[in-house]
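The next block is target-v4.cif, given as mmCIF, C-alpha atoms.
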data_query
#
loop_
_atom_site.group_PDB
_atom_site.id
_atom_site.type_symbol
_atom_site.label_atom_id
_atom_site.label_comp_id
_atom_site.auth_asym_id
_atom_site.auth_seq_id
_atom_site.Cartn_x
_atom_site.Cartn_y
_atom_site.Cartn_z
ATOM 1 C CA MET A 19 52.819 5.168 -140.191
ATOM 2 C CA GLU A 20 51.296 8.463 -139.146
ATOM 3 C CA THR A 21 47.640 8.284 -138.163
ATOM 4 C CA ALA A 22 45.143 10.971 -139.116
ATOM 5 C CA ARG A 23 44.318 13.461 -136.404
ATOM 6 C CA PRO A 24 40.678 13.762 -135.324
ATOM 7 C CA ARG A 25 38.814 16.747 -136.659
ATOM 8 C CA THR A 26 36.027 18.533 -134.824
ATOM 9 C CA LEU A 27 33.903 21.348 -136.187
ATOM 10 C CA TRP A 28 32.169 23.491 -133.590
ATOM 11 C CA ALA A 29 29.558 25.801 -135.078
ATOM 12 C CA GLY A 30 27.228 28.337 -133.533
ATOM 13 C CA ALA A 31 23.771 28.447 -135.039
ATOM 14 C CA ALA A 32 22.427 30.610 -137.789
ATOM 15 C CA ARG A 33 18.973 32.092 -137.269
ATOM 16 C CA GLY A 34 16.461 29.429 -138.257
ATOM 17 C CA ALA A 35 16.507 26.291 -140.353
ATOM 18 C CA GLU A 36 16.874 27.979 -143.743
ATOM 19 C CA ALA A 37 20.077 29.776 -142.786
ATOM 20 C CA THR A 38 21.386 26.627 -141.103
ATOM 21 C CA VAL A 39 20.997 24.646 -144.334
ATOM 22 C CA GLY A 40 23.400 26.961 -146.124
ATOM 23 C CA ARG A 41 25.912 27.310 -143.299
ATOM 24 C CA ALA A 42 26.004 23.617 -142.367
ATOM 25 C CA GLY A 43 26.034 22.542 -146.008
ATOM 26 C CA ARG A 44 29.141 24.584 -146.750
ATOM 27 C CA ARG A 45 30.961 23.169 -143.745
ATOM 28 C CA ILE A 46 29.981 19.596 -144.620
ATOM 29 C CA GLN A 47 31.422 20.120 -148.095
ATOM 30 C CA ILE A 48 34.686 21.150 -146.464
ATOM 31 C CA THR A 49 34.799 18.063 -144.223
ATOM 32 C CA GLN A 50 33.599 15.381 -146.646
ATOM 33 C CA TRP A 51 37.178 14.351 -147.343
ATOM 34 C CA HIS A 52 37.738 13.303 -143.742
ATOM 35 C CA VAL A 53 35.725 11.852 -140.873
ATOM 36 C CA ALA A 54 34.709 14.717 -138.623
ATOM 37 C CA THR A 55 32.645 15.521 -135.584
ATOM 38 C CA ARG A 56 30.165 18.398 -135.689
ATOM 39 C CA ILE A 57 28.900 20.122 -132.567
ATOM 40 C CA HIS A 58 26.190 22.747 -132.750
ATOM 41 C CA ALA A 59 26.113 25.122 -129.757
ATOM 42 C CA ARG A 60 23.140 27.348 -128.900
ATOM 43 C CA ARG A 61 21.354 29.209 -126.166
ATOM 44 C CA ARG A 62 17.726 28.186 -125.788
ATOM 45 C CA ARG A 63 14.636 28.118 -123.619
ATOM 46 C CA LEU A 64 12.954 25.004 -122.264
ATOM 47 C CA ALA A 65 10.239 23.597 -120.035
ATOM 48 C CA ARG A 66 10.560 22.305 -116.468
ATOM 49 C CA VAL A 67 14.337 22.539 -116.364
ATOM 50 C CA GLN A 68 16.249 25.091 -114.312
ATOM 51 C CA PRO A 69 17.769 28.038 -116.224
ATOM 52 C CA GLY A 70 21.464 27.522 -116.852
ATOM 53 C CA THR A 71 21.126 23.778 -117.391
ATOM 54 C CA VAL A 72 23.050 22.498 -120.414
ATOM 55 C CA VAL A 73 21.083 20.132 -122.649
ATOM 56 C CA VAL A 74 22.834 17.665 -124.962
ATOM 57 C CA THR A 75 20.400 16.598 -127.669
ATOM 58 C CA LYS A 76 19.814 12.910 -128.352
ATOM 59 C CA VAL A 77 17.161 13.561 -131.011
ATOM 60 C CA SER A 78 15.564 16.649 -132.541
ATOM 61 C CA VAL A 79 11.780 16.501 -132.903
ATOM 62 C CA ASP A 80 9.302 18.601 -134.858
ATOM 63 C CA ALA A 81 6.212 20.394 -133.545
ATOM 64 C CA CYS A 82 4.335 17.064 -133.412
ATOM 65 C CA PHE A 83 7.277 15.466 -131.540
ATOM 66 C CA LYS A 84 8.268 13.351 -134.563
ATOM 67 C CA PRO A 85 12.003 12.605 -135.035
ATOM 68 C CA HIS A 86 12.398 13.853 -138.587
ATOM 69 C CA PHE A 87 13.031 16.941 -140.684
ATOM 70 C CA GLU A 88 10.811 17.535 -143.709
ATOM 71 C CA GLN A 89 12.290 19.278 -146.730
ATOM 72 C CA ASN A 90 10.539 20.323 -149.924
ATOM 73 C CA VAL A 91 12.657 19.056 -152.806
ATOM 74 C CA MET A 92 11.260 20.093 -156.204
ATOM 75 C CA GLY A 93 7.703 19.969 -154.888
ATOM 76 C CA MET A 94 8.148 16.657 -153.087
ATOM 77 C CA ILE A 95 8.238 16.425 -149.281
ATOM 78 C CA VAL A 96 11.184 14.315 -148.163
ATOM 79 C CA ALA A 97 11.628 13.303 -144.498
ATOM 80 C CA TYR A 98 15.088 12.769 -143.014
ATOM 81 C CA PRO A 99 15.788 11.227 -139.575
ATOM 82 C CA THR A 100 17.065 13.553 -136.852
ATOM 83 C CA VAL A 101 18.603 11.167 -134.307
ATOM 84 C CA LEU A 102 22.027 12.415 -133.212
ATOM 85 C CA ASN A 103 25.172 10.499 -132.275
ATOM 86 C CA GLU A 104 24.670 8.723 -128.935
ATOM 87 C CA CYS A 105 28.365 8.037 -128.282
ATOM 88 C CA LEU A 106 29.238 11.693 -128.765
ATOM 89 C CA ALA A 107 26.432 12.735 -126.422
ATOM 90 C CA GLN A 108 27.667 10.349 -123.733
ATOM 91 C CA GLU A 109 31.220 11.674 -124.097
ATOM 92 C CA LEU A 110 29.936 15.193 -123.511
ATOM 93 C CA LEU A 111 28.074 14.048 -120.391
ATOM 94 C CA LYS A 112 31.338 12.573 -119.104
ATOM 95 C CA CYS A 113 33.075 15.880 -119.766
ATOM 96 C CA SER A 114 30.413 17.675 -117.754
ATOM 97 C CA LYS A 115 31.044 15.407 -114.772
ATOM 98 C CA GLU A 116 34.760 16.115 -115.037
ATOM 99 C CA LEU A 117 34.167 19.866 -115.159
ATOM 100 C CA ASN A 118 31.672 19.672 -112.263
ATOM 101 C CA GLN A 119 30.600 23.290 -112.805
ATOM 102 C CA PHE A 120 26.987 23.051 -113.994
ATOM 103 C CA GLU A 121 24.235 20.522 -114.572
ATOM 104 C CA THR A 122 24.168 18.791 -117.943
ATOM 105 C CA ILE A 123 21.332 16.523 -119.063
ATOM 106 C CA LEU A 124 20.466 14.430 -122.107
ATOM 107 C CA GLY A 125 17.111 15.089 -123.764
ATOM 108 C CA CYS A 126 15.066 15.721 -126.886
ATOM 109 C CA THR A 127 15.127 19.141 -128.524
ATOM 110 C CA LEU A 128 11.956 20.614 -129.993
ATOM 111 C CA CYS A 129 12.803 22.371 -133.255
ATOM 112 C CA THR A 130 10.176 24.877 -134.366
ATOM 113 C CA SER A 131 9.580 26.915 -137.498
ATOM 114 C CA ASP A 132 9.238 30.265 -135.733
ATOM 115 C CA PHE A 133 9.970 32.017 -132.454
ATOM 116 C CA TYR A 134 6.440 32.848 -131.314
ATOM 117 C CA GLU A 135 3.454 30.685 -132.283
ATOM 118 C CA GLY A 136 5.691 27.708 -133.090
ATOM 119 C CA GLN A 137 6.982 27.819 -129.522
ATOM 120 C CA ALA A 138 3.569 28.454 -127.907
ATOM 121 C CA ARG A 139 4.525 31.947 -126.784
ATOM 122 C CA LEU A 140 1.914 34.432 -125.639
ATOM 123 C CA ASP A 141 3.911 37.598 -126.361
ATOM 124 C CA GLY A 142 3.963 37.622 -130.174
ATOM 125 C CA ALA A 143 2.037 39.780 -132.638
ATOM 126 C CA PHE A 144 -0.403 36.887 -133.210
ATOM 127 C CA CYS A 145 -1.715 34.441 -130.649
ATOM 128 C CA ASN A 146 -4.834 32.421 -131.462
ATOM 129 C CA TYR A 147 -4.646 30.169 -128.411
ATOM 130 C CA THR A 148 -5.030 30.522 -124.666
ATOM 131 C CA ALA A 149 -2.569 30.304 -121.813
ATOM 132 C CA GLU A 150 -4.159 26.948 -120.976
ATOM 133 C CA ASP A 151 -3.495 25.720 -124.541
ATOM 134 C CA LYS A 152 0.130 26.773 -124.175
ATOM 135 C CA MET A 153 0.549 24.931 -120.888
ATOM 136 C CA MET A 154 -1.034 21.765 -122.265
ATOM 137 C CA TYR A 155 1.282 21.821 -125.289
ATOM 138 C CA LEU A 156 4.435 22.408 -123.257
ATOM 139 C CA GLN A 157 3.415 19.693 -120.812
ATOM 140 C CA SER A 158 2.911 17.298 -123.735
ATOM 141 C CA ALA A 159 6.347 18.260 -125.031
ATOM 142 C CA TYR A 160 7.924 17.511 -121.671
ATOM 143 C CA GLU A 161 6.185 14.142 -121.482
ATOM 144 C CA ALA A 162 7.548 13.373 -124.976
ATOM 145 C CA GLY A 163 11.069 13.897 -123.636
ATOM 146 C CA VAL A 164 11.598 17.489 -124.791
ATOM 147 C CA ARG A 165 13.958 19.477 -122.565
ATOM 148 C CA ASN A 166 14.631 22.538 -124.700
ATOM 149 C CA ILE A 167 13.240 24.464 -127.665
ATOM 150 C CA GLU A 168 15.055 26.097 -130.589
ATOM 151 C CA MET A 169 14.858 26.563 -134.366
ATOM 152 C CA GLU A 170 17.838 24.891 -136.053
ATOM 153 C CA SER A 171 18.566 21.433 -134.613
ATOM 154 C CA SER A 172 16.377 19.344 -136.926
ATOM 155 C CA VAL A 173 18.033 20.440 -140.165
ATOM 156 C CA PHE A 174 21.449 20.153 -138.516
ATOM 157 C CA ALA A 175 20.701 16.602 -137.333
ATOM 158 C CA ALA A 176 19.296 15.629 -140.729
ATOM 159 C CA MET A 177 22.376 16.897 -142.538
ATOM 160 C CA CYS A 178 24.705 15.060 -140.148
ATOM 161 C CA ASN A 179 22.781 11.830 -140.788
ATOM 162 C CA ARG A 180 22.805 12.301 -144.550
ATOM 163 C CA SER A 181 26.529 13.026 -144.632
ATOM 164 C CA GLY A 182 27.527 10.294 -142.186
ATOM 165 C CA LEU A 183 29.086 12.738 -139.723
ATOM 166 C CA ALA A 184 28.898 12.254 -135.962
ATOM 167 C CA GLY A 185 27.023 15.260 -134.621
ATOM 168 C CA THR A 186 25.274 16.625 -131.587
ATOM 169 C CA VAL A 187 23.598 19.789 -130.353
ATOM 170 C CA VAL A 188 24.544 21.497 -127.090
ATOM 171 C CA CYS A 189 22.255 24.193 -125.677
ATOM 172 C CA VAL A 190 22.050 26.142 -122.454
ATOM 173 C CA THR A 191 18.601 26.919 -121.118
ATOM 174 C CA LEU A 192 17.624 30.494 -120.318
ATOM 175 C CA LEU A 193 14.227 30.112 -118.678
ATOM 176 C CA ASP A 194 11.508 27.661 -117.706
ATOM 177 C CA ARG A 195 8.737 28.181 -120.271
ATOM 178 C CA LEU A 196 6.139 26.801 -117.874
ATOM 179 C CA GLN A 197 6.891 29.823 -115.690
ATOM 180 C CA GLY A 198 6.670 32.487 -118.414
ATOM 181 C CA ASP A 199 7.866 33.715 -121.805
ATOM 182 C CA GLN A 200 10.259 36.489 -120.744
ATOM 183 C CA ILE A 201 13.841 36.112 -119.559
ATOM 184 C CA SER A 202 14.342 37.607 -116.095
ATOM 185 C CA SER A 203 18.010 36.773 -115.476
ATOM 186 C CA SER A 204 20.538 39.624 -115.440
ATOM 187 C CA HIS A 205 22.947 40.338 -118.265
ATOM 188 C CA GLU A 206 25.813 39.051 -116.149
ATOM 189 C CA VAL A 207 24.040 35.772 -115.386
ATOM 190 C CA LEU A 208 23.091 35.262 -119.042
ATOM 191 C CA GLY A 209 26.685 35.894 -120.032
ATOM 192 C CA GLU A 210 27.849 33.148 -117.688
ATOM 193 C CA TYR A 211 25.150 30.805 -119.006
ATOM 194 C CA GLN A 212 26.315 31.447 -122.566
ATOM 195 C CA GLU A 213 29.819 30.281 -121.708
ATOM 196 C CA ARG A 214 28.658 26.876 -120.467
ATOM 197 C CA PRO A 215 28.222 25.124 -123.844
ATOM 198 C CA GLN A 216 31.587 26.566 -124.883
ATOM 199 C CA LYS A 217 33.262 25.180 -121.771
ATOM 200 C CA LEU A 218 31.702 21.773 -122.287
ATOM 201 C CA VAL A 219 32.595 21.505 -125.958
ATOM 202 C CA GLY A 220 36.057 22.896 -125.262
ATOM 203 C CA CYS A 221 36.611 20.183 -122.650
ATOM 204 C CA TYR A 222 35.603 17.514 -125.181
ATOM 205 C CA ILE A 223 37.910 18.879 -127.892
ATOM 206 C CA LYS A 224 40.809 19.040 -125.442
ATOM 207 C CA LYS A 225 40.250 15.420 -124.390
ATOM 208 C CA ILE A 226 40.120 14.173 -127.969
ATOM 209 C CA PHE A 227 43.308 15.919 -129.031
ATOM 210 C CA CYS A 228 45.185 15.010 -125.862
ATOM 211 C CA LYS A 229 44.676 11.320 -126.725
ATOM 212 C CA LYS A 230 46.834 11.732 -129.823
#
The structure in this file should be written as structure tokens.
Amino acid sequence: METARPRTLWAGAARGAEATVGRAGRRIQITQWHVATRIHARRRRLARVQPGTVVVTKVSVDACFKPHFEQNVMGMIVAYPTVLNECLAQELLKCSKELNQFETILGCTLCTSDFYEGQARLDGAFCNYTAEDKMMYLQSAYEAGVRNIEMESSVFAAMCNRSGLAGTVVCVTLLDRLQGDQISSSHEVLGEYQERPQKLVGCYIKKIFCKK
């Protein structure tokens, strides 16, 4: 009897949670007929981690470091859990050790509603807080287990949980937010950083399919 082959969907992010809802929802509809693995790859910034580090998300948290995604459904606020698949995350960490090309860590991902104030940046059009406020917030995030910041992981994690799909988020960090808000790495270096999540996920996919 022929066994079903594993199926893995690897999706880059849309810009923000709203766009991710539509993109991820369409792909989940496609895969509902078969067990699948979803991997969400992004480039992102983080605190107190060296640029170029790859972060595999164990749970996505909101701006208050709570592990849920809140969605307004017909005027009612519904909260969905945002814990991601631990086994999948551990498999990706194993792949990183096999590649032995860059550091990969497991951590929480802070998912924000916007790029500037939501991420405690000082370089936006509006900024009603001080540099000290920013540092205190980012330090609190780090102490809560946050290792990177982006804008899509919570809705992605919530949709994976609701659909019963194993999912994870893989990001590469571009700068240490405790050192500043602007990226200083060269275009060439950033290009190499961008390839790291792809290499890691590609290694995982190759391992899975080589087992069959």
Point-to-point distance from CA of Gln108 in chain A to CA of Ser181 in chain A, Å rounded to tenths: 21.1 Å
Coordinates-based distance that separates CA of Arg195 in chain A from CA of Asp151 in chain A (Å, one decimal):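 Between these atoms lies a distance of 13.2 Å.
With distances restricted to only C-alpha atoms, A:Asn103 is the closest residue to Ala176 in chain A from A:Ser204, A:Thr122, A:Asn103, A:Ser114.
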Option closest in space to Glu161 in chain A, from A:Cys126, A:Ala143, A:Ile226, A:Val187 [counting all atoms listed in the file]: A:Cys126
Interatomic distance, CA of Arg214 in chain A to CA of Val190 in chain A (Å, one decimal):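 Separation of CA of Arg214 in chain A and CA of Val190 in chain A: 6.9 Å.
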Pick from A:Leu192, A:Val74, A:Met153, A:Tyr147 nearest to Lys112 in chain A, counting only C-alpha atoms: A:Val74
Point (19.4, 16.7, -123.6), cut-off 8 Å, counting all atoms listed in the file, residues as a list in words: Val72, Val73, Val74, Thr75, Lys76, Thr122, Ile123, Leu124, Gly125, Cys126, Thr127, Val164, Arg165, Asn166 and Val188 of chain A
Test item: the PyMOL selection byres ((chain A and resi 136) around 12) resolved as an MDAnalysis selection string: chainID A and resid 80:82 128:135 137:140 142 144:147 152 155:156 167:169
A:Cys221, A:Val173, A:Ala159, A:Leu106 ranked by distance to Ser78 in chain A, top pick (using only C-alpha atoms):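 Distance minimum relative to Ser78 in chain A lands on A:Val173.
Among the candidates A:Cys228, A:Val91, A:Cys189, A:Ala97, the one nearest to Glu170 in chain A when counting all atoms listed in the file is A:Cys189.
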Pick from A:Ser171, A:Thr148, A:Gln197, A:Asn179, whichever lies nearest to Gln68 in chain A using all atoms listed in the file: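 Ranking A:Ser171, A:Thr148, A:Gln197, A:Asn179 by distance to Gln68 in chain A, first place goes to A:Gln197.
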